[in-house]
Structure formats: structure tokens, C-alpha cells
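**Student:** Below you will find the structure I want to go over with you.
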Protein chains: 6
Amino acid sequence: MKAYLTRRYKFSASHRLHSDSMSDEENRSVYGKCNNPHGHGHNYTLEVTVAGQVEQKTGMICNLVDLDSFVQKNVVQHFDHENLNVLADFSATVPTTENLCIEVYNILEEGFHHASVEKVRMEETMLNSFEYAGGRELRT
Amino acid sequence: MKAYLTRRYKFSASHRLHSDSMSDEENRSVYGKCNNPHGHGHNYTLEVTVAGQVEQKTGMICNLVDLDSFVQKNVVQHFDHENLNVLADFSATVPTTENLCIEVYNILEEGFHHASVEKVRMEETMLNSFEYAGGRELRT
Amino acid sequence: MKAYLTRRYKFSASHRLHSDSMSDEENRSVYGKCNNPHGHGHNYTLEVTVAGQVEQKTGMICNLVDLDSFVQKNVVQHFDHENLNVLADFSATVPTTENLCIEVYNILEEGFHHASVEKVRMEETMLNSFEYAGGRELRT
Amino acid sequence: MKAYLTRRYKFSASHRLHSDSMSDEENRSVYGKCNNPHGHGHNYTLEVTVAGQVEQKTGMICNLVDLDSFVQKNVVQHFDHENLNVLADFSATVPTTENLCIEVYNILEEGFHHASVEKVRMEETMLNSFEYAGGRELRT
Amino acid sequence: MKAYLTRRYKFSASHRLHSDSMSDEENRSVYGKCNNPHGHGHNYTLEVTVAGQVEQKTGMICNLVDLDSFVQKNVVQHFDHENLNVLADFSATVPTTENLCIEVYNILEEGFHHASVEKVRMEETMLNSFEYAGGRELRT
Amino acid sequence: MKAYLTRRYKFSASHRLHSDSMSDEENRSVYGKCNNPHGHGHNYTLEVTVAGQVEQKTGMICNLVDLDSFVQKNVVQHFDHENLNVLADFSATVPTTENLCIEVYNILEEGFHHASVEKVRMEETMLNSFEYAGGRELRT
């Protein structure tokens with residue numbers, strides 16, 4: 001009776017795509033206008049999928065109150081209304097949405113223990129989204 | 001040439017989260033305002049995924065007419081505009097959306113034979129959804 | 001036979017809400033985390049409404065090609081992937097979405113003459129939107 | 001420089017459509033399955049539109065913090081996860097979404113004074129919505 | 001206590017934009033690939049807005065059953081899965097979405113008498129929509 | 001660190017469901033009004049999922065510019081505003097959305113080499129969608 005719960009959160013942040021391991025010209029060529037020095041921003045939609053047995057007594061995989069309080073405290077409040085480039089999370093990597101997605105997965109994987117963390121999906125715009133499942137195969 | 005078809009349905013119902021195996025105080029602590037004695041309601045969005053070979057003659061996995069008539073008759077008309085707590089389906093379980101999702105999967109698994117039933121996804125609100133695939137691993 | 005055409009565009013930008021006519025403390029109090037010094041960003045959804053007679057010959061209010069090329073050139077390319085605070089448009093005003101909406105309306109009102117510009121609606125997030133119609137009453 | 005701000009809120013509630021001034025048979029005929037004695041429920045989407053001058057100093061019509069705290073306290077917390085039929089608001093009227101919309105408008109009109117309350121829109125399902133503007137003509 | 005009800009319907013149809021009063025070259029220049037001889041198609045979303053007093057006894061502007069049965073019979077079944085170019089409705093006009101919108105408004109205005117027909121909105125794609133209110137000013 | 005990128009595209013086309021290997025009566029019975037001789041149309045939403053390692057230097061799975069230019073040239077421009085029935089792609093198969101989905105997957109699988117092509121999802125209407133992953137099991 002393993003079932004899956006997906007919960008959606010939203011936050012807004014800005015970023016500039018620029019890699020210190022590439023020349024300015026290479027940066028402009030790879031990132032185009034996302035390399036604009038003043039940065040730009042997005043409303044990110046985050047979807048967290050956790051899984052587990054549906055408990056007979058409560059009828060729940062895990063209590064949403066626990067998931068919400070963890071994600072609000074450790075993810076949403078951490079990234080919302082921030083410039084991703086200045087956060088320690090991205091001191092060694094470029095704050096692309098791929099890397100943001102991996103970062104959020106790792107925060108959940110390490111700290112949330114009320115159900116199994118299965119996947120993080122991060123929507124950058126209505127046209128783009130990224131998924132990460134700890135490197136596991138998704139077949140999705 | 002196995003392909004997947006997902007079809008979306010909508011219905012509205014009310015429920016109250018209350019477990020007979022817990023004290024009133026425990027119920028209030030676990031379910032919060034979802035334990036409110038008068039109940040509350042949702043517009044549920046149901047997504048049914050079936051799979052199969054795409055038939056050469058018709059170009060179809062299965063005829064949508066067959067899927068729609070089965071789901072309308074056995075699921076939508078059964079749950080729409082009902083109070084889930086008073087239905088026989090939930091005489092032994094709490095009518096959480098997790099359990100509603102499992103219930104719908106079982107109805108389809110037992111009665112629909114025009115294609116393989118793969119997954120049921122039930123959206124409780126724009127922020128919450130649940131998936132069940134007969135207990136199989138989803139990697140989704 | 002006056003009819004209305006609404007066309008939707010999308011762009012991403014960053015901004016920081018900070019008013020030079022207020023103290024730092026007043027800024028923090030009025031704008032909260034939107035006053036964060038590093039700025040943050042949004043995916044803006046812009047809706048432009050124009051109106052006119054439906055021309056008998058073409059069946060159109062105006063040619064979408066004309067509206068799209070004007071808006072792409074004068075609005076989307078101008079604001080997309082920019083930091084609003086450093087643009088000349090906001091040298092004298094705070095780059096709130098209210099002011100961004102008025103700015104876009106004025107660009108259209110002055111430069112687009114294929115149909116009457118009726119209203120500009122700017123969606124900052126799925127939860128917030130602003131409308132401006134040249135100061136006219138909307139009763140909407 | 002009058003501009004408009006629309007803010008979206010969500011809550012879930014249940015109701016049963018039944019009018020004491022009609023016979024049981026008439027109730028069933030008018031309301032169909034919405035007259036089901038056990039009630040059913042919806043996820044309501046509420047949109048509040050307020051208007052005013054965009055203040056030069058702040059670039060805002062009114063502070064969203066003020067609007068949000070008023071609506072959360074007086075509307076969302078009041079109706080969320082409730083059965084509308086047992087609330088005092090509907091002691092003399094049927095809790096249709098039309099009447100819920102008027103009720104919310106009146107709460108805002110009487111108590112919110114940071115900007116002019118223009119319109120309340122209440123979405124019952126993705127297919128139905130209602131608008132009320134204090135009885136004024138909308139031409140919308 | 002005048003309130004507004006908006007109801008959404010969906011249908012799919014194909015059309016080719018071609019005006020007999022223009023040369024082939026002019027048609028290609030005005031309509032671009034919409035003039036493609038084999039036609040193309042859309043999922044249209046239709047929104048019908050009607051208005052009236054909220055009746056004290058029922059709490060309703062008009063019964064949705066009446067609106068739905070009229071629109072299904074006279075609009076949806078009439079246009080769904082059709083090629084608009086071969087319908088009598090468009091024997092004298094080009095089947096643009098502007099004209100389709102006006103056509104639907106006129107069908108409602110002439111035949112639906114349970115509430116006042118206020119506006120028809122027709123969404124051609126997620127990016128385009130058209131509104132018609134009998135030629136009245138919308139200020140929307 | 002394998003991650004997944006999903007990108008959304010839109011195009012409009014018309015089709016008529018009719019199989020040469022069935023009699024006219026059988027066609028009408030299987031396809032219903034989709035067999036209407038004049039055809040009808042849809043706004044298709046295409047979602048392409050590709051996967052790969054997130055490159056340390058760029059923080060990207062693959063450059064969206066490469067994916068977009070491939071899909072625009074080989075898929076969107078190929079199908080947009082066309083009648084699917086007259087295209088060579090459907091000379092031997094019925095242009096159902098199942099087959100359209102498989103066709104697009106094959107175009108990507110053969111020609112796009114900047115990341116691994118994982119899945120194609122094709123949304124025919126808001127209620128229907130199809131997925132194909134080269135015949136692999138999706139467990140989705």
C-alpha cells in the first residue's frame with residue numbers, strides 16, 4: 001500500500017548565470033541574456049514528492065503539517081526573495097535551476113524523516129522544469 | 001510501442017477527517033481543522049493513467065468512450081456531491097485523499113479491462129496530490 | 001460591433017523595492033523582504049487588451065502580427081532578463097508592479113496605433129495582479 | 001493614475017443547497033444533487049479587487065500586508081474548513097456561491113479601508129465563477 | 001443585488017482563415033500560416049457571462065441547468081468537432097475567433113432568456129482571447 | 001547526479017480520425033464525431049523530457065537553446081497550423097494523438113544528441129494526454 005504525496009510550494013528569487021570557470025565571452029555565449037550582469041528573477045514552483053505506507057490509523061502517508069513546517073523553515077524561508085548568487089549554497093556551483101533543484105533535494109534528504117523523499121521538481125517558468133531524485137533513474 | 005494515456009475527471013465531495021481508533025484530543029491534534037465536526041469539502045481532480053500497445057488499425061491504446069463510461073459510472077457518479085464519511089467505501093478507513101486514491105485505483109483495477117490500469121492520481125487542492133499504483137514503485 | 005482582443009506575453013525580471021524618499025527603517029517596514037538589498041525576481045505575465053471594430057474584410061480587430069511585433073520590440077525585449085531598478089523607466093519611481101504596469105500602458109498608448117489600447121494587466125505571481133487603463137474607471 | 005490590484009486567496013468548505021421556503025420536492029428539482037442531504041464541498045478561489053491612486057512615495061495602491069491580514073482574519077479563517085450551512089452568515093439565505101460572494105464583498109466593504117473595494121469574484125470550480133460589486137454595473 | 005455568473009465550456013474545431021474579398025496573395029500576407037489551405041484547429045474555451053438579481057428564494061441568478069442545456073444544445077454541439085468554414089454561420093464572414101465570438105453572443109442574446117446575457121469571451125489559445133458584449137463598451 | 005529537464009512547446013493542428021482498414025460504418029462507430037469528414041482541430045501541448053548529468057562547469061543538463069532550436073525546426077514548424085492527415089508522417093497510420101506522440105519521440109530520438117531523450121508527453125486537451133518513451137516501461 002505504498003502511496004505518494006506531492007506538495008507544491010512557491011517562492012521568488014533572482015539569479016545571474018555566470019560561471020567563474022569560463023571566460024566572459026564564453027559565459028555570454030553559453031548563457032545568453034541570463035548572463036546579464038544585473039541578474040533577473042523567477043517565481044519558482046517547487047514540488048516535493050514523498051512516499052510511504054498509508055498508515056491504517058490515520059489514513060495518511062505523513063502529516064502535511066510536518067512536511068510544510070520543514071519545507072517552509074528549511075527551503076522557502078531560505079531562498080524566498082533572495083539573490084541566489086550570494087547564498088553559500090552556490091559558492092561552488094552556478095545557481096541554475098538544475099543546481100537549485102539538487103540543493104533542495106539534498107536539504108530534504110538529509111533533514112526530513114517522516115516519509116521517504118522521492119523526488120524534487122522545480123518549475124522555473126511555465127515552460128521549463130527540472131527534476132532530481134538523488135541521481136536515481138526516474139523513467140518519468 | 002507501449003504508450004500511456006492519462007485522462008482527467010473532476011468531482012466535488014465533502015469529508016471530515018476523524019479516526020475511531022483515536023481519542024477526540026488525538027484526532028484534533030493529528031487532523032487540525034480537518035477534524036472540524038461539520039466537515040468541509042473539495043473539488044477533486046482525478047487522473048487515471050492506463051497503458052497498452054497502440055493498435056495499428058485504430059491508432060489508439062483504448063477507446064476513450066470505454067474509459068469515460070466506466071469512470072463516470074463507477075467513480076464519478078459514485079463519489080460526486082457526496083459526503084465521503086457516510087459511504088460504505090470508508091466504513092473501515094478514514095476518508096483521507098490517500099485512501100480515496102487507493103479506493104479509486106481498486107475500482108479500476110477490478111473492473112476496467114480495455115487497457116492496463118497503471119496509476120491513479122488524485123488532486124485534493126492545487127497544492128496537494130496523491131498517487132497510487134497498486135503498491136508498485138513509481139520512481140516518479 | 002466593437003470587440004476586444006487580449007494577448008498574453010511573458011518575461012522575467014528582478015527588482016528591489018526601495019524608495020529614496022523614505023528612511024532605511026521605513027523602507028524595511030513598508031516593503032518587508034521585498035526590500036532585501038540583493039533583490040529578487042518574478043516571471044511577469046503581461047496581458048494587453050486592445051479594442052476596435054471587427055473589420056468586415058478580414059474578420060479581425062487588428063493583425064496579431066502587428067501587436068506582437070510592437071510588444072516584443074518595445075516591451076518584452078526592453079524588460080526581459082533585466083533588473084528593473086537600473087532602467088531609466090524607474091529613475092524617478094519605485095519599480096513596483098503597479099508602476100511597471102503603468103509604464104507598459106504608456107508605451108503602448110504612445111506607440112501602438114492599429115487598435116485602441118484599453119487596458120494593461122500585469123501578473124506578478126499567480127496570487128497578485130495589477131491593472132491600469134490610463135486612469136479610466138474599470139468597473140471590472 | 002487610478003490602478004487596480006487583484007489578490008487571490010483559497011479556502012475549502014462544504015455546503016448543502018436547501019431553501020426552507022421551498023418544499024422538499026421543489027428543493028430537489030431546483031438544486032438536483034446539490035440538495036443531497038449529506039452536503040458536498042468545494043475548493044473556493046476568492047479574488048478581491050481594490051483600487052486607488054498609486055502613491056508616489058511607495059509606488060503602491062495599498063500595502064498587500066494590510067489586505068492579506070484583513071482577508072485572512074475576516075474571510076479565510078472565518079470560512080475555511082467550515083460547513084457554510086451552520087454559519088450565522090447563512091441563517092436567512094441559502095449558501096449558494098452567489099450569496100457567499102455577496103457576503104464576502106460586504107465584509108470587505110464594511111471593514112477594509114486602505115483602498116476602495118471594487119469587486120469580489122468567487123470561483124466555485126474551474127467551470128463556474130460569480131462576481132459582485134455592491135450591485136454596481138460591471139460591464140465585464 | 002445584481003450579480004454576475006460566468007460559466008466555462010470547451011469545444012474543438014478547425015478553421016482556415018481566407019477571405020473571398022481578397023486576392024490569394026493578400027490572404028497569405030494578412031493571415032500567414034492561418035491561410036494554409038488544409039486548415040488547422042484549436043481547443044476553444046468559451047466563457048459566457050450572464051447577470052441578474054440573486055433570487056431570495058433560491059439564492060441563484062439563474063439555474064445552471066438551464067444555461068448548460070441551452071449552451072450545450074445551441075453552441076457546443078453546433079460547433080464541436082466541426083470545420084467552421086463549412087458552417088452556414090460563416091458563409092458571409094471569415095471564421096476568425098472574433099467572428100466566432102460575435103456569433104455565439106448573438107445565439108445567446110436571441111435565445112437565452114433566464115438571465116441577461118452580458119458578455120462572451122472566447123479563448124483561442126492560452127495566449128489569445130476575444131470578448132464581445134453586443135458592441136457595448138466593456139471598460140474591462 | 002542525473003537530472004531531468006522538461007520543456008513545453010505548443011502548436012495547433014487539425015486532424016480527422018479515419019482508418020482505411022475499417023469500413024465507413026466501423027470508422028463512425030470507433031471514432032464518433034472525430035470521424036467527421038471536415039476534420040476538427042486542437043491546440044497541442046508538447047512536453048519533451050531529456051536527462052543527463054548536470055555539468056559542473058555550466059550547471060546545465062544541456063543548453064535550452066540547442067533543445068529549442070531542434071524542436072522548433074523539426075517538430076513545431078513541421079506540425080504547426082497543418083492538417084495532420086495530409087502529412088507524409090501519417091501516410092500509413094491514423095493521426096491520433098497516440099501516433100503523433102510516437103512520431104515526435106522518434107524525431108527527437110533520431111536527431112537530438114545533446115542529452116538523452118527520455119519521454120514525450122502530448123496533451124490533446126486539458127482532459128487528455130499521451131506519453132511515449134520508446135516503448136520502455138514508465139511506471140509513472
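Residues in the C-alpha cells are named by chain (A, B, ... in the order shown) and by number from 1 within that chain; ligands are numbered from 1 in the order shown.
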At a cut-off of 9 Å, list the chain B residues touching chain D, using only C-alpha atoms, as a list of chain:residue names.

**Tutor:**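 Applying the cut-off to the listed atoms yields B:Ser12, B:Ala13, B:Ser14, B:His15, B:Lys33, B:Cys34, B:Asn35, B:Asn36, B:Pro37, B:His38, B:Gly39, B:His40, B:Gly41, B:His42, B:Asn43, B:Tyr44, B:Asp80, B:His81, B:Glu82, B:Asn83, B:Leu84, B:Val86, B:Glu124, B:Thr125.
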
**Student:** What's the separation between CA of Leu87 in chain D and CA of Ser21 in chain B, in Å to one decimal place?

**Tutor:**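 Atom-to-atom, CA of Leu87 in chain D and CA of Ser21 in chain B are spaced 29.4 Å apart.
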
**Student:** Extract the full set of helix (DSSP H, G or I) residues from range 75-119 of chain C according to DSSP on the backbone, and format it as a PDB file with C-alpha atoms, in the first residue's frame.

**Tutor:**
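What ended up in part-v4.pdb:
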ATOM      1  CA  VAL C  75       8.133  45.903 -24.057  1.00  0.00           C
ATOM      2  CA  VAL C  76       9.342  42.293 -23.836  1.00  0.00           C
ATOM      3  CA  GLN C  77      12.868  42.858 -25.178  1.00  0.00           C
ATOM      4  CA  HIS C  78      13.104  46.027 -23.113  1.00  0.00           C
ATOM      5  CA  PHE C  79      12.281  44.429 -19.740  1.00  0.00           C
ATOM      6  CA  LEU C  84      14.164  46.917 -13.242  1.00  0.00           C
ATOM      7  CA  ASN C  85      15.925  49.157 -10.715  1.00  0.00           C
ATOM      8  CA  VAL C  86      18.693  50.101 -13.141  1.00  0.00           C
ATOM      9  CA  ALA C  88      15.772  54.681 -16.911  1.00  0.00           C
ATOM     10  CA  ASP C  89      11.998  53.979 -16.700  1.00  0.00           C
ATOM     11  CA  PHE C  90      12.331  53.717 -12.927  1.00  0.00           C
ATOM     12  CA  THR C  97       4.423  46.039 -10.359  1.00  0.00           C
ATOM     13  CA  GLU C  98       1.881  48.886 -10.164  1.00  0.00           C
ATOM     14  CA  ASN C  99       4.428  51.224 -11.744  1.00  0.00           C
ATOM     15  CA  LEU C 100       5.620  48.607 -14.236  1.00  0.00           C
ATOM     16  CA  CYS C 101       2.011  48.203 -15.354  1.00  0.00           C
ATOM     17  CA  ILE C 102       1.561  51.960 -15.852  1.00  0.00           C
ATOM     18  CA  GLU C 103       4.887  52.149 -17.702  1.00  0.00           C
ATOM     19  CA  VAL C 104       3.837  49.421 -20.160  1.00  0.00           C
ATOM     20  CA  TYR C 105       0.428  51.054 -20.687  1.00  0.00           C
ATOM     21  CA  ASN C 106       2.106  54.353 -21.547  1.00  0.00           C
ATOM     22  CA  ILE C 107       4.496  52.692 -24.023  1.00  0.00           C
ATOM     23  CA  LEU C 108       1.527  51.077 -25.793  1.00  0.00           C
ATOM     24  CA  GLU C 109      -0.696  54.183 -25.657  1.00  0.00           C
ATOM     25  CA  GLU C 110       2.009  56.324 -27.245  1.00  0.00           C
ATOM     26  CA  GLY C 111       3.289  53.938 -29.874  1.00  0.00           C
TER      27      GLY C 111
END

**Student:** Find the spatial neighbours of Thr6 in chain C, counting only C-alpha atoms, within a cut-off of 6 Å - ignore same-chain residues fewer than 4 positions away - and output them as a PyMOL selection string.

**Tutor:** (chain C and resi 48-49) or (chain E and resi 128-129)

**Student:** Those selected residues, please, written with C-alpha atoms and delivered as a tab-separated table (two decimals), in the first residue's frame.

**Tutor:**
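Contents of the output file result.tsv:
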chain	number	residue	atom	x	y	z
C	48	VAL	CA	-2.59	43.66	-23.31
C	49	THR	CA	-6.23	44.41	-24.22
E	128	ASN	CA	-5.19	34.87	-27.22
E	129	SER	CA	-8.73	35.71	-26.28

**Student:** Could you please write out, as a PyMOL selection string, every residue of chain B that DSSP assigns to strand (DSSP E or B)?

**Tutor:** chain B and resi 2-15+40-53+82-83+116-125+128-132

**Student:** At a cut-off of 8 Å, using only C-alpha atoms, what residues contact Ser19 in chain F? Leave out same-chain residues fewer than 2 positions from it and give the result as an NGL selection string.

**Tutor:** (:B and (57-58)) or (:F and (17 or 21-22 or 27 or 93-94))

**Student:** Please, could you write that set of residues out with C-alpha atoms as an mmCIF file, in the first residue's frame?

**Tutor:**
data_model
loop_
_atom_site.group_PDB
_atom_site.id
_atom_site.type_symbol
_atom_site.label_atom_id
_atom_site.label_comp_id
_atom_site.auth_asym_id
_atom_site.auth_seq_id
_atom_site.Cartn_x
_atom_site.Cartn_y
_atom_site.Cartn_z
ATOM 1 C CA LYS B 57 -5.789 -0.411 -37.051
ATOM 2 C CA THR B 58 -7.197 2.320 -34.824
ATOM 3 C CA LEU F 17 -9.675 10.202 -37.370
ATOM 4 C CA SER F 21 -8.534 -0.534 -42.841
ATOM 5 C CA MET F 22 -12.059 -0.132 -41.486
ATOM 6 C CA ASN F 27 -14.941 4.257 -38.532
ATOM 7 C CA THR F 93 -1.074 5.370 -39.646
ATOM 8 C CA VAL F 94 -4.107 7.207 -38.292
#
